[in-house]
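Peer 1: Have a look at the structure that comes next, please.
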Amino acid sequence: MASRIVHLELRPRGRGLLDFTEKVAAVVAAGELAEGLCTLFVRHTSASLVVQENADPTVQSDLERFFARLVPDGDRIFEHDAEGPDDMPAHVRAALTATSLGIPFAKKRLLLGTWQGIYLYEHRHAPHTREVVVHLG
Amino acid sequence: MASRIVHLELRPRGRGLLDFTEKVAAVVAAGELAEGLCTLFVRHTSASLVVQENADPTVQSDLERFFARLVPDGDRIFEHDAEGPDDMPAHVRAALTATSLGIPFAKKRLLLGTWQGIYLYEHRHAPHTREVVVHLG
Amino acid sequence: MASRIVHLELRPRGRGLLDFTEKVAAVVAAGELAEGLCTLFVRHTSASLVVQENADPTVQSDLERFFARLVPDGDRIFEHDAEGPDDMPAHVRAALTATSLGIPFAKKRLLLGTWQGIYLYEHRHAPHTREVVVHLG
């Protein structure tokens, strides 16, 4: 039996969106189920998941500009800054976006819309290795 | 075997919340499983999903007023406006709410709380046809 | 067969985050499945779910301070205040965070990251009894 849980390791270069749609699609294609639910879970509180438009890269920079304004680095209302001025903002951004996503699949293909990509949203400026658990059921 | 994946087509008249609880409940009632998990996935990046209060309609207008202030149409920080001043705000609103929802069911009934309704949140002003995939597992 | 749906009752003392990771872990440990997906669903629209940093308690107070600024109690743009000035802000906060979460598990243990805890985010000031449905599949 092919495993129904796969751990993906992602290496964003720093803050911003990282498209990993193809990696998820490959897990689904390699799985034993033709039809089912693919659940993604990010094992961090400073990075999160978003499904976003995959056509125009300015969508990603605009999204980042919005969050940078909404949750400013070094905001004085934050007490928790053990890892720097982007520490607490990263946790807030994670709370505002998603920690898990459920995406149905059929014929071993994710049922994403035409313009949908799956992104890891890294909220820290420094590069981190991030882990996403993929469950097929 | 009744299908475990159903595609719902929704036709919001424009920006705002569209209650489609009954359509999801009908899919669950028609399914082969008495107990399980119902997952909803919206196949768009300009519309999203929210579970909200279903009793007082001012909750919906208040929610919309909040988002209109938080993510203003035509905000100058946005570069992406290929489809107009509500284009990028729609993507941001989608990132701030949900692309997928998981709702358990038992005895072929969704385990929603008394005051919970399932809504498509359309973020574009113009009417669009939206697709939500329902997975029962 | 052990039940695959368990109802948890949580009693937050008022607004803020309540860690209930251990209660979810106990449901998973007591279940019949060694590996699978644990889905949480909160049956309310004034409380929500977040996965957050479980080490430094200032993360929780900072998160609350952020939301209190973003969605102020008694904001004049809100019409819906049947239950008081924190009524509509509670619904908005719930829309901005999560109503459901999917967390894979293996060997009867949740695959949470080292620093991740599962929290009920109560948005009302008064104490309420809250129900979270846990589904194992």
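Residue names in the structure tokens use chain letters A, B, ... in the order shown, residue numbers from 1 in each chain, and ligand numbers from 1 in the order shown.
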I'd like the neighbourhood of stretch 53-65 of chain B as a PyMOL selection string, where a residue qualifies if any of its atoms comes within 10 Å (using only C-alpha atoms), though same-chain residues fewer than 3 positions away should be ignored.

Peer 2: (chain B and resi 15-19+21+50+68-70+113-119+121+123) or (chain C and resi 44-46+77-82+87-89+91-93+95)

Peer 1: C:Gly36, C:Glu9, C:His125, C:Arg130: which is nearest C:Glu83, counting only C-alpha atoms?

Peer 2: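 The answer is C:His125, which sits nearest to C:Glu83.
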
Peer 1: Go through A:Val71, A:Phe105, A:Arg4, A:Arg11 one by one, measure the shortest atom-to-atom distance of each to chain B using only C-alpha atoms, and give the residue with the smallest value.

Peer 2: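 Of all the options, A:Phe105 lies closest to chain B.
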
Peer 1: Please provide as a JSON list (two decimals) with N, CA and C atoms, in the first residue's frame all residues within 9 Å of B:Val132, with the sequence filter that same-chain residues fewer than 4 positions apart are discarded (counting only C-alpha atoms).

Peer 2:
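After the write, out_16.json holds the following:
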```
[["chain", "number", "residue", "atom", "x", "y", "z"],
["B", 6, "VAL", "N", -19.28, 15.95, -5.29],
["B", 6, "VAL", "CA", -20.37, 16.64, -5.99],
["B", 6, "VAL", "C", -19.92, 18.07, -6.27],
["B", 7, "HIS", "N", -20.19, 18.54, -7.45],
["B", 7, "HIS", "CA", -19.86, 19.93, -7.81],
["B", 7, "HIS", "C", -21.11, 20.79, -7.71],
["B", 8, "LEU", "N", -21.06, 21.80, -6.88],
["B", 8, "LEU", "CA", -22.18, 22.74, -6.76],
["B", 8, "LEU", "C", -21.88, 23.99, -7.57],
["B", 9, "GLU", "N", -22.86, 24.47, -8.26],
["B", 9, "GLU", "CA", -22.70, 25.72, -9.00],
["B", 9, "GLU", "C", -23.52, 26.80, -8.30],
["B", 10, "LEU", "N", -22.87, 27.87, -7.95],
["B", 10, "LEU", "CA", -23.55, 28.95, -7.22],
["B", 10, "LEU", "C", -23.51, 30.23, -8.05],
["B", 40, "LEU", "N", -15.67, 21.16, 1.93],
["B", 40, "LEU", "CA", -16.03, 22.09, 0.86],
["B", 40, "LEU", "C", -14.78, 22.78, 0.37],
["B", 41, "PHE", "N", -14.68, 22.92, -0.94],
["B", 41, "PHE", "CA", -13.53, 23.59, -1.54],
["B", 41, "PHE", "C", -14.02, 24.51, -2.65],
["B", 42, "VAL", "N", -13.67, 25.79, -2.55],
["B", 42, "VAL", "CA", -14.11, 26.75, -3.58],
["B", 42, "VAL", "C", -13.01, 26.86, -4.64],
["B", 43, "ARG", "N", -13.41, 26.73, -5.90],
["B", 43, "ARG", "CA", -12.42, 26.66, -7.00],
["B", 43, "ARG", "C", -12.08, 28.04, -7.57],
["B", 44, "HIS", "N", -11.99, 29.04, -6.71],
["B", 44, "HIS", "CA", -11.74, 30.40, -7.17],
["B", 44, "HIS", "C", -10.85, 31.14, -6.17],
["B", 120, "LEU", "N", -21.02, 31.23, 0.72],
["B", 120, "LEU", "CA", -20.03, 31.64, -0.27],
["B", 120, "LEU", "C", -19.88, 33.14, -0.11]]
```
